[in-house]
file my_file_15.txt (compact mmCIF, C-alpha atoms)
# COMPACT_ATOMS: atom_id res chain seq x y z
CA MET A 619 27.82 -24.46 15.88
CA VAL A 620 25.44 -22.13 14.05
CA ARG A 621 22.91 -24.96 13.64
CA TYR A 622 23.05 -25.56 17.38
CA LEU A 623 22.42 -21.86 18.06
CA ILE A 624 19.53 -21.69 15.60
CA LYS A 625 17.88 -24.82 17.02
CA ASN A 626 18.17 -23.76 20.67
CA ASN A 627 17.16 -20.16 20.10
CA PHE A 628 14.21 -21.34 18.01
CA LYS A 629 13.08 -23.60 20.87
CA LEU A 630 13.41 -20.74 23.36
CA MET A 631 11.27 -18.46 21.19
CA LEU A 632 8.56 -21.09 20.77
CA ARG A 633 8.35 -21.53 24.54
CA ASN A 634 7.14 -17.94 24.97
CA LYS A 635 3.44 -18.70 24.49
CA TRP A 636 2.31 -15.18 25.39
CA ILE A 637 4.28 -13.54 22.59
CA LEU A 638 3.16 -16.19 20.10
CA ALA A 639 -0.43 -15.56 21.17
CA VAL A 640 0.00 -11.83 20.58
CA MET A 641 1.48 -12.44 17.12
CA VAL A 642 -1.43 -14.72 16.19
CA LEU A 643 -4.42 -13.20 18.00
CA GLY A 644 -3.35 -9.56 17.56
CA PRO A 645 -3.89 -9.48 13.77
CA ILE A 646 -7.09 -11.54 14.04
CA LEU A 647 -8.71 -9.14 16.51
CA VAL A 648 -7.55 -5.93 14.83
CA ILE A 649 -8.65 -7.19 11.40
CA ALA A 650 -12.08 -8.08 12.80
CA ILE A 651 -12.56 -4.63 14.34
CA LEU A 652 -11.25 -2.46 11.47
CA SER A 653 -12.73 -4.46 8.60
CA SER A 654 -16.14 -4.11 10.23
CA ALA A 655 -15.69 -0.43 11.13
CA PHE A 656 -14.63 0.59 7.60
CA HIS A 657 -16.88 -1.80 5.69
CA ASP A 658 -19.27 0.91 4.43
CA LEU A 659 -16.46 3.32 3.52
CA MET A 660 -14.64 0.74 1.41
CA LYS A 661 -17.87 -0.58 -0.06
CA SER A 662 -18.73 2.86 -1.39
CA TYR A 663 -16.03 2.54 -4.01
CA GLU A 664 -17.94 0.84 -6.83
CA GLY A 665 -18.31 1.32 -10.55
CA VAL A 666 -20.59 4.23 -11.39
CA ASP A 667 -24.04 3.68 -12.92
CA GLU A 668 -25.50 5.81 -15.69
CA PHE A 669 -25.87 9.49 -14.78
CA LYS A 670 -26.93 12.83 -16.24
CA ALA A 671 -24.81 15.91 -16.88
CA GLY A 672 -25.85 19.34 -18.11
CA TYR A 673 -24.06 21.54 -20.62
CA ARG A 674 -24.18 24.97 -22.22
CA MET A 675 -22.51 26.06 -25.48
CA GLU A 676 -21.37 29.66 -25.84
CA GLU A 677 -22.03 31.13 -29.29
CA GLY A 678 -19.03 30.77 -31.55
CA THR A 679 -17.33 28.12 -29.41
CA ARG A 680 -14.90 25.85 -31.22
CA PHE A 681 -16.56 22.85 -29.53
CA GLY A 682 -19.89 23.38 -31.32
CA ASP A 683 -19.23 20.96 -34.15
CA SER A 684 -18.11 18.26 -31.71
CA MET A 685 -21.09 18.27 -29.37
CA GLU A 686 -23.10 15.63 -31.20
CA THR A 687 -20.09 13.31 -31.14
CA ILE A 688 -19.58 14.02 -27.44
CA LYS A 689 -23.22 13.20 -26.71
CA GLU A 690 -23.15 9.98 -28.73
CA THR A 691 -19.92 8.86 -27.07
CA GLY A 692 -21.33 9.84 -23.68
CA GLU A 693 -24.39 7.64 -24.23
CA LYS A 694 -22.10 4.66 -24.80
CA ALA A 695 -20.23 5.49 -21.57
CA GLY A 696 -23.47 5.87 -19.58
CA ILE A 697 -23.46 9.68 -19.51
CA THR A 698 -26.55 11.55 -20.74
CA PHE A 699 -25.85 15.18 -21.70
CA LEU A 700 -28.78 17.63 -21.38
CA GLU A 701 -28.63 21.21 -22.62
CA TYR A 702 -29.52 24.10 -20.29
CA PRO A 703 -29.08 27.45 -22.11
CA GLU A 704 -29.88 29.60 -19.07
CA GLY A 705 -29.14 29.61 -15.34
CA GLU A 706 -26.29 29.28 -12.88
CA PRO A 707 -24.44 25.93 -13.18
CA LYS A 708 -24.62 25.17 -9.44
CA GLU A 709 -28.35 25.88 -9.28
CA ILE A 710 -28.98 23.79 -12.39
CA ILE A 711 -27.08 20.87 -10.82
CA GLU A 712 -29.06 21.07 -7.58
CA ASN A 713 -32.48 21.58 -9.18
CA ASN A 714 -32.15 18.82 -11.78
CA ASP A 715 -30.26 16.14 -9.85
CA LEU A 716 -27.26 16.27 -12.19
CA ALA A 717 -23.84 14.77 -11.52
CA GLY A 718 -22.15 17.74 -13.15
CA PHE A 719 -22.36 20.60 -15.61
CA VAL A 720 -20.05 21.54 -18.49
CA GLU A 721 -19.78 25.13 -19.70
CA PHE A 722 -18.20 25.37 -23.18
CA ASP A 723 -16.64 28.78 -23.75
CA LYS A 724 -15.06 29.90 -27.03
CA GLU A 725 -11.64 28.32 -26.37
CA LYS A 726 -12.06 26.24 -23.21
CA TYR A 727 -14.54 24.30 -21.16
CA THR A 728 -15.27 24.26 -17.42
CA VAL A 729 -16.58 21.27 -15.46
CA TYR A 730 -18.75 21.81 -12.37
CA LYS A 731 -19.15 18.73 -10.13
CA SER A 732 -21.92 17.92 -7.67
CA ALA A 733 -20.91 17.25 -4.07
CA ASP A 734 -23.51 14.46 -3.98
CA PHE A 735 -22.02 12.70 -7.02
CA GLU A 736 -18.32 12.88 -6.31
CA VAL A 737 -17.27 9.74 -8.20
CA GLU A 738 -19.56 10.56 -11.15
CA GLY A 739 -18.07 14.07 -11.27
CA VAL A 740 -14.55 12.68 -11.55
CA THR A 741 -15.77 10.27 -14.24
CA LEU A 742 -17.30 13.15 -16.20
CA GLU A 743 -14.10 15.18 -16.00
CA TYR A 744 -11.96 12.23 -17.11
CA PHE A 745 -14.39 11.40 -19.95
CA LEU A 746 -14.20 14.93 -21.38
CA ASN A 747 -10.42 14.95 -21.01
CA GLN A 748 -10.11 11.76 -23.03
CA VAL A 749 -12.65 12.92 -25.67
CA MET A 750 -10.73 16.17 -26.17
CA LYS A 751 -7.44 14.29 -26.53
CA GLU A 752 -8.98 11.98 -29.11
CA GLY A 753 -10.36 15.00 -30.95
CA ALA A 754 -6.88 16.55 -31.01
CA ASN A 755 -5.53 13.30 -32.44
CA GLN A 756 -8.05 13.39 -35.28
CA VAL A 757 -7.20 17.02 -36.09
CA LEU A 758 -3.50 16.19 -36.17
CA LYS A 759 -4.11 13.24 -38.51
CA THR A 760 -6.10 15.51 -40.83
CA MET A 761 -3.30 18.09 -40.88
CA LEU A 762 -0.63 15.44 -41.57
CA PRO A 763 -2.31 12.93 -43.90
CA GLY A 764 0.99 11.61 -45.30
CA LEU A 765 2.16 10.12 -41.99
CA ASP A 766 1.53 6.59 -40.76
CA GLU A 767 -1.60 6.66 -38.55
CA GLU A 768 0.15 4.62 -35.87
CA LYS A 769 2.78 7.34 -35.53
CA VAL A 770 0.32 10.22 -35.42
CA THR A 771 -0.69 10.01 -31.78
CA LEU A 772 -0.50 12.37 -28.87
CA PRO A 773 1.12 11.21 -25.62
CA ILE A 774 -1.52 10.17 -23.07
CA GLN A 775 -0.64 9.94 -19.39
CA GLU A 776 -2.29 7.04 -17.59
CA LEU A 777 -4.16 8.14 -14.49
CA ASP A 778 -3.68 6.41 -11.14
CA TYR A 779 -6.80 4.71 -9.88
CA MET A 780 -7.97 3.00 -6.75
CA PRO A 781 -8.30 -0.77 -7.09
CA ALA A 782 -11.66 -2.18 -6.04
CA VAL A 783 -10.97 -3.89 -2.71
CA ASP A 784 -13.27 -4.45 0.25
CA SER A 785 -12.38 -3.79 3.88
CA ASN A 786 -11.94 -7.48 4.78
CA ASP A 787 -9.33 -8.01 2.10
CA TYR A 788 -7.57 -4.70 2.69
CA TYR A 789 -7.26 -4.80 6.48
CA GLY A 790 -6.85 -8.58 6.43
CA ILE A 791 -3.69 -8.10 4.41
CA ILE A 792 -2.11 -4.94 5.78
CA TYR A 793 -2.35 -5.92 9.46
CA ILE A 794 -0.53 -9.16 8.80
CA VAL A 795 2.23 -6.95 7.42
CA TYR A 796 2.01 -4.49 10.33
CA PHE A 797 2.32 -7.15 13.04
CA SER A 798 5.09 -8.96 11.16
CA TRP A 799 7.17 -5.78 11.40
CA CYS A 800 7.12 -6.15 15.18
CA SER A 801 8.91 -9.50 14.87
CA VAL A 802 11.76 -8.59 17.22
CA ILE A 803 9.52 -9.29 20.23
CA CYS A 804 9.71 -12.99 19.30
CA ALA A 805 13.34 -12.88 20.46
CA ALA A 806 12.46 -11.64 23.96
CA ASN A 807 13.34 -14.97 25.65
CA VAL A 808 16.65 -15.29 23.84
CA LEU A 809 17.76 -11.68 24.36
CA ASN A 810 16.75 -11.68 28.03
CA SER A 811 18.57 -14.97 28.63
CA GLU A 812 21.72 -13.63 27.00
CA LYS A 813 21.61 -10.58 29.25
CA LYS A 814 20.73 -12.48 32.42
CA TYR A 815 23.31 -15.28 32.16
CA GLY A 816 26.09 -13.40 30.36
CA ILE A 817 25.93 -15.75 27.38
CA LYS A 818 27.22 -13.08 25.00
CA ARG A 819 30.46 -12.68 27.04
CA LYS A 820 30.98 -16.44 26.96
CA PHE A 821 30.69 -16.49 23.19
CA GLN A 822 33.31 -13.75 22.89
CA VAL A 823 36.07 -16.19 23.98
CA THR A 824 35.05 -18.76 21.35
CA ALA A 825 36.09 -18.90 17.69
CA ILE A 826 32.55 -18.44 16.40
CA SER A 827 32.20 -15.38 14.16
CA LYS A 828 29.95 -12.40 14.80
CA LEU A 829 28.03 -13.20 11.62
CA LYS A 830 27.19 -16.70 12.86
CA LEU A 831 26.11 -15.31 16.25
CA TYR A 832 23.88 -12.86 14.40
CA LEU A 833 22.39 -15.57 12.18
CA GLY A 834 21.79 -17.67 15.30
CA LYS A 835 19.26 -14.99 16.36
CA TRP A 836 17.99 -13.69 13.02
CA ILE A 837 17.01 -17.03 11.48
CA PRO A 838 14.97 -18.19 14.54
CA ILE A 839 13.17 -14.82 14.64
CA VAL A 840 12.25 -15.20 10.96
CA LEU A 841 11.07 -18.80 11.48
CA THR A 842 9.02 -17.95 14.58
CA THR A 843 7.38 -14.95 12.91
CA VAL A 844 6.61 -17.01 9.80
CA ILE A 845 4.83 -19.58 11.97
CA GLY A 846 2.85 -16.93 13.87
CA MET A 847 1.86 -14.99 10.74
CA GLY A 848 1.13 -18.22 8.88
CA VAL A 849 -1.37 -19.29 11.53
CA ALA A 850 -2.92 -15.80 11.51
CA ILE A 851 -3.20 -15.78 7.69
CA ILE A 852 -4.88 -19.19 7.57
CA ALA A 853 -7.26 -18.30 10.43
CA THR A 854 -8.28 -14.92 8.99
CA ALA A 855 -8.63 -16.37 5.47
CA PHE A 856 -11.24 -18.82 6.77
CA MET A 857 -12.90 -16.42 9.22
CA TYR A 858 -13.19 -13.36 6.95
CA ASP A 859 -12.87 -14.93 3.47
CA ILE A 860 -9.76 -12.88 2.66
CA GLN A 861 -8.54 -13.20 -0.92
CA TRP A 862 -4.75 -13.08 -1.16
CA GLY A 863 -4.30 -13.66 -4.89
CA ASN A 864 -1.28 -15.57 -6.20
CA ILE A 865 -0.14 -17.60 -3.21
CA TRP A 866 3.46 -17.93 -4.45
CA VAL A 867 3.94 -14.20 -4.96
CA VAL A 868 2.24 -13.47 -1.63
CA SER A 869 4.39 -16.02 0.23
CA LEU A 870 7.58 -14.56 -1.23
CA LEU A 871 6.64 -10.96 -0.38
CA ILE A 872 5.62 -11.78 3.18
CA LEU A 873 8.77 -13.84 3.76
CA LEU A 874 10.95 -10.98 2.48
CA SER A 875 9.03 -8.53 4.66
CA ILE A 876 9.60 -10.70 7.75
CA MET A 877 13.29 -11.05 6.90
CA ALA A 878 13.61 -7.27 6.60
CA SER A 879 11.69 -6.55 9.80
CA SER A 880 13.74 -9.10 11.77
CA ALA A 881 16.99 -7.57 10.53
CA PHE A 882 15.74 -4.07 11.35
CA GLY A 883 14.68 -5.06 14.88
CA LEU A 884 18.01 -6.80 15.61
CA MET A 885 19.95 -3.81 14.31
CA ILE A 886 18.15 -1.56 16.81
CA TYR A 887 18.89 -4.06 19.60
CA TYR A 888 22.59 -4.27 18.71
CA PHE A 889 22.81 -0.49 19.01
CA CYS A 890 21.12 -0.08 22.42
CA GLU A 891 21.50 -3.61 23.94
CA ASN A 892 18.29 -3.10 25.90
CA LEU A 893 15.14 -5.02 24.98
CA ALA A 894 12.69 -2.50 26.44
CA ILE A 895 14.27 0.42 24.57
CA THR A 896 14.44 -1.69 21.41
CA VAL A 897 10.72 -2.50 21.59
CA VAL A 898 9.83 1.19 22.08
CA ILE A 899 12.01 2.32 19.16
CA VAL A 900 10.81 -0.46 16.84
CA PHE A 901 7.13 0.01 17.68
CA THR A 902 7.39 3.80 17.25
CA THR A 903 9.21 3.48 13.92
CA VAL A 904 6.78 0.87 12.64
CA TRP A 905 3.86 3.08 13.66
CA PHE A 906 5.19 5.96 11.58
CA MET A 907 5.99 3.67 8.64
CA GLY A 908 2.44 2.32 8.87
CA PHE A 909 1.00 5.83 9.24
CA PHE A 910 2.41 6.85 5.86
CA GLY A 911 2.13 3.36 4.40
CA GLY A 912 -1.62 2.76 4.64
CA SER A 913 -1.89 0.76 7.86
CA PHE A 914 -4.52 3.09 9.34
CA GLU A 915 -5.96 5.29 6.60
CA THR A 916 -6.05 3.29 3.36
CA TYR A 917 -3.29 4.30 0.98
CA MET A 918 -5.94 4.88 -1.74
CA PHE A 919 -7.59 7.67 0.31
CA ALA A 920 -4.43 9.05 1.97
CA VAL A 921 -3.46 12.63 1.14
CA TRP A 922 0.24 12.22 1.93
CA SER A 923 2.68 13.02 -0.84
CA ASP A 924 4.08 10.17 -2.93
CA ALA A 925 7.55 10.94 -1.55
CA LEU A 926 6.40 10.19 2.02
CA LYS A 927 4.52 7.07 0.97
CA ASN A 928 7.38 5.64 -1.07
CA ALA A 929 9.83 6.28 1.77
CA SER A 930 7.90 3.75 3.88
CA PRO A 931 8.78 0.08 3.25
CA ILE A 932 5.36 -0.83 4.63
CA TYR A 933 3.74 1.15 1.79
CA HIS A 934 5.57 -0.93 -0.82
CA ILE A 935 4.62 -4.27 0.75
CA ASN A 936 1.03 -3.13 1.45
CA ARG A 937 0.46 -1.90 -2.06
CA ALA A 938 2.11 -4.91 -3.69
CA LEU A 939 -0.01 -7.37 -1.67
CA VAL A 940 -3.31 -5.49 -1.95
CA GLU A 941 -2.98 -4.97 -5.71
CA ASN A 942 -1.95 -8.60 -6.21
CA SER A 943 -5.08 -9.54 -4.28
CA CYS A 944 -7.57 -7.42 -6.22
CA MET A 945 -5.93 -7.18 -9.66
CA GLY A 946 -3.67 -10.22 -9.84
CA HIS A 947 -0.55 -8.09 -10.40
CA SER A 948 1.18 -5.00 -9.07
CA THR A 949 3.79 -2.57 -10.38
CA TYR A 950 5.07 -2.39 -6.80
CA THR A 951 6.08 -6.06 -6.61
CA ASN A 952 9.60 -5.46 -7.93
CA SER A 953 10.21 -2.37 -5.81
CA CYS A 954 8.94 -4.28 -2.76
CA VAL A 955 11.37 -7.16 -3.36
CA ILE A 956 14.29 -4.78 -3.86
CA TYR A 957 13.35 -2.64 -0.82
CA MET A 958 13.03 -5.66 1.50
CA LEU A 959 16.32 -7.21 0.33
CA VAL A 960 18.19 -3.92 0.74
CA ILE A 961 16.81 -3.43 4.27
CA THR A 962 17.73 -7.02 5.20
CA VAL A 963 21.31 -6.79 3.91
CA VAL A 964 22.03 -3.26 5.16
CA CYS A 965 20.54 -3.75 8.64
CA SER A 966 22.29 -7.13 9.05
CA ALA A 967 25.63 -5.65 7.99
CA ILE A 968 25.24 -2.73 10.41
CA ALA A 969 24.27 -5.05 13.29
CA VAL A 970 27.34 -7.29 12.74
CA ALA A 971 29.61 -4.23 12.38
CA VAL A 972 28.30 -2.73 15.63
CA ASP A 973 28.86 -6.05 17.44
CA ARG A 974 32.47 -6.23 16.18
CA TRP A 975 33.04 -2.60 17.17
CA ARG A 976 31.82 -3.26 20.71
CA LYS A 977 34.17 -6.23 21.04
CA ALA A 978 37.14 -4.20 19.76
CA ARG A 979 36.65 -1.41 22.28
call {"tool": "encode", "arguments": {"input": "my_file_15.txt", "output": "structure tokens"}}
result
Amino acid sequence: MVRYLIKNNFKLMLRNKWILAVMVLGPILVIAILSSAFHDLMKSYEGVDEFKAGYRMEEGTRFGDSMETIKETGEKAGITFLEYPEGEPKEIIENNDLAGFVEFDKEKYTVYKSADFEVEGVTLEYFLNQVMKEGANQVLKTMLPGLDEEKVTLPIQELDYMPAVDSNDYYGIIYIVYFSWCSVICAANVLNSEKKYGIKRKFQVTAISKLKLYLGKWIPIVLTTVIGMGVAIIATAFMYDIQWGNIWVVSLLILLSIMASSAFGLMIYYFCENLAITVVIVFTTVWFMGFFGGSFETYMFAVWSDALKNASPIYHINRALVENSCMGHSTYTNSCVIYMLVITVVCSAIAVAVDRWRKAR
């Protein structure tokens, strides 16, 4: 019986050419517009070239003996340090086209960054931070010569960084995800037919379980969305040269995302039993999940707290796919898989429970 339901509902969904066109053409058009609009912004994130930085040493500073080492290490990293004994740091930066200025006091140092060399300024600050940590390591080894050198290390916290990704790849990936989360609209024909012809009431007098009735809708939605997104992925990959990375990992993550979105959409429908209200609720929820998940402003530039980002399932799938594309791996792959499976199971269980509750009333 469940095979019959899946087959017939799948056929009904495929007959709705308008919705299929939206699922295929929607991502293609939005990707074309946004990847072009944000091309320059995304392109600006590139590795920094060599740059100059000024410095001043206060008399008696504890950094005096280390300056030659800092300058030599800086040369290897592409940073040229120039000494300016007099003048205001901001004026020195502006008048000498410097990326930054470092003022070494007796016990601390201060980094001034140029507004025109924002990335270089961050690089300078990070460079000095790492040099000072390495210097502290050497001092500690000198103080404790009897210990194994491998054990005499200070804890270093790895800094988050923005992967190098262009606008075509970024928006070409995240809008496939965004549209796939609107998968419930693929079931419009089936849900409208059930309402119009009272099919649900007819099934209530049969022996078929609520779980099988649910699967008879959920599986066709997943299959239809997979077809629509698959066509969109292939088309955009050829049109915009989008690099997806490991195709097996990508396929698994997108499939899990579609499964989760289909379960979420059906759960909302089982609560309100009205397609129009369901579409409004799903689209609104997906918009907010995308807002905090990087669907509009890239998650690399977003100022939202990590708590808000990580609360959005779209953030996990976006980050996992984008990082797999540009780096070949992602620390968010596992969390994405777990998040999508939990949403699928929980939303499916709630939908079936609500359907049983309605029948028992």
call {"tool": "atom_distance", "arguments": {"input": "my_file_15.txt", "atom1": "atom CA of Ala717 of chain A", "atom2": "atom CA of Asn747 of chain A"}}
result
16.4 Å
call {"tool": "residues_near_point", "arguments": {"input": "my_file_15.txt", "point": "(-9.2, -3.6, 11.7)", "cutoff": "12 Å", "atoms": "only C-alpha atoms", "output": "MDAnalysis selection string"}}
result
chainID A and resid 644:657 785:794 796 854 858 913:916
call {"tool": "atom_distance", "arguments": {"input": "my_file_15.txt", "atom1": "atom CA of Val955 of chain A", "atom2": "atom CA of Trp862 of chain A"}}
result
17.3 Å
call {"tool": "closest_residue", "arguments": {"input": "my_file_15.txt", "among": "A:Cys954, A:Leu841, A:Ile851, A:Val972", "to": "Leu870 of chain A", "atoms": "all atoms listed in the file"}}
result
A:Cys954
call {"tool": "residues_near_point", "arguments": {"input": "my_file_15.txt", "point": "(-9.7, -7.3, -9.5)", "cutoff": "10 Å", "atoms": "all atoms listed in the file", "output": "list in words"}}
result
Pro781, Ala782, Val783, Gly863, Glu941, Asn942, Ser943, Cys944, Met945, Gly946 and His947 of chain A
call {"tool": "residues_around", "arguments": {"input": "my_file_15.txt", "residues": "segment 725-729 of chain A", "least_positions_apart": "6", "cutoff": "10 Å", "atoms": "all atoms listed in the file", "output": "MDAnalysis selection string"}}
result
chainID A and resid 671:676 678:681 707 718:719 739:740 742:743 746
call {"tool": "build_atoms", "arguments": {"input": "my_file_15.txt", "residues": "segment 703-718 of chain A", "atoms": "N, CA and C atoms", "output": "PDB file, in the frame of the given file"}}
result
ATOM      1  N   PRO A 703     -29.626  26.190 -21.589  1.00  0.00           N
ATOM      2  CA  PRO A 703     -29.080  27.450 -22.110  1.00  0.00           C
ATOM      3  C   PRO A 703     -28.973  28.554 -21.059  1.00  0.00           C
ATOM      4  N   GLU A 704     -29.844  28.512 -20.043  1.00  0.00           N
ATOM      5  CA  GLU A 704     -29.880  29.600 -19.070  1.00  0.00           C
ATOM      6  C   GLU A 704     -29.688  29.055 -17.650  1.00  0.00           C
ATOM      7  N   GLY A 705     -29.225  29.955 -16.751  1.00  0.00           N
ATOM      8  CA  GLY A 705     -29.140  29.610 -15.340  1.00  0.00           C
ATOM      9  C   GLY A 705     -27.721  29.419 -14.842  1.00  0.00           C
ATOM     10  N   GLU A 706     -27.580  29.501 -13.520  1.00  0.00           N
ATOM     11  CA  GLU A 706     -26.290  29.280 -12.880  1.00  0.00           C
ATOM     12  C   GLU A 706     -25.995  27.785 -12.826  1.00  0.00           C
ATOM     13  N   PRO A 707     -24.773  27.362 -13.172  1.00  0.00           N
ATOM     14  CA  PRO A 707     -24.440  25.930 -13.180  1.00  0.00           C
ATOM     15  C   PRO A 707     -24.748  25.218 -11.863  1.00  0.00           C
ATOM     16  N   LYS A 708     -24.404  25.832 -10.732  1.00  0.00           N
ATOM     17  CA  LYS A 708     -24.620  25.170  -9.440  1.00  0.00           C
ATOM     18  C   LYS A 708     -26.108  24.984  -9.146  1.00  0.00           C
ATOM     19  N   GLU A 709     -26.903  25.992  -9.494  1.00  0.00           N
ATOM     20  CA  GLU A 709     -28.350  25.880  -9.280  1.00  0.00           C
ATOM     21  C   GLU A 709     -28.958  24.835 -10.208  1.00  0.00           C
ATOM     22  N   ILE A 710     -28.484  24.783 -11.439  1.00  0.00           N
ATOM     23  CA  ILE A 710     -28.980  23.790 -12.390  1.00  0.00           C
ATOM     24  C   ILE A 710     -28.678  22.373 -11.888  1.00  0.00           C
ATOM     25  N   ILE A 711     -27.474  22.179 -11.359  1.00  0.00           N
ATOM     26  CA  ILE A 711     -27.080  20.870 -10.820  1.00  0.00           C
ATOM     27  C   ILE A 711     -28.002  20.459  -9.685  1.00  0.00           C
ATOM     28  N   GLU A 712     -28.240  21.379  -8.760  1.00  0.00           N
ATOM     29  CA  GLU A 712     -29.060  21.070  -7.580  1.00  0.00           C
ATOM     30  C   GLU A 712     -30.526  20.842  -7.946  1.00  0.00           C
ATOM     31  N   ASN A 713     -31.046  21.656  -8.847  1.00  0.00           N
ATOM     32  CA  ASN A 713     -32.480  21.580  -9.180  1.00  0.00           C
ATOM     33  C   ASN A 713     -32.840  20.416 -10.088  1.00  0.00           C
ATOM     34  N   ASN A 714     -31.853  19.870 -10.807  1.00  0.00           N
ATOM     35  CA  ASN A 714     -32.150  18.820 -11.780  1.00  0.00           C
ATOM     36  C   ASN A 714     -31.457  17.498 -11.476  1.00  0.00           C
ATOM     37  N   ASP A 715     -30.888  17.389 -10.289  1.00  0.00           N
ATOM     38  CA  ASP A 715     -30.260  16.140  -9.850  1.00  0.00           C
ATOM     39  C   ASP A 715     -29.201  15.676 -10.846  1.00  0.00           C
ATOM     40  N   LEU A 716     -28.314  16.582 -11.226  1.00  0.00           N
ATOM     41  CA  LEU A 716     -27.260  16.270 -12.190  1.00  0.00           C
ATOM     42  C   LEU A 716     -25.955  15.930 -11.459  1.00  0.00           C
ATOM     43  N   ALA A 717     -25.144  15.104 -12.094  1.00  0.00           N
ATOM     44  CA  ALA A 717     -23.840  14.770 -11.520  1.00  0.00           C
ATOM     45  C   ALA A 717     -22.825  15.869 -11.774  1.00  0.00           C
ATOM     46  N   GLY A 718     -23.073  16.666 -12.827  1.00  0.00           N
ATOM     47  CA  GLY A 718     -22.150  17.740 -13.150  1.00  0.00           C
ATOM     48  C   GLY A 718     -22.697  18.625 -14.253  1.00  0.00           C
TER      49      GLY A 718
END
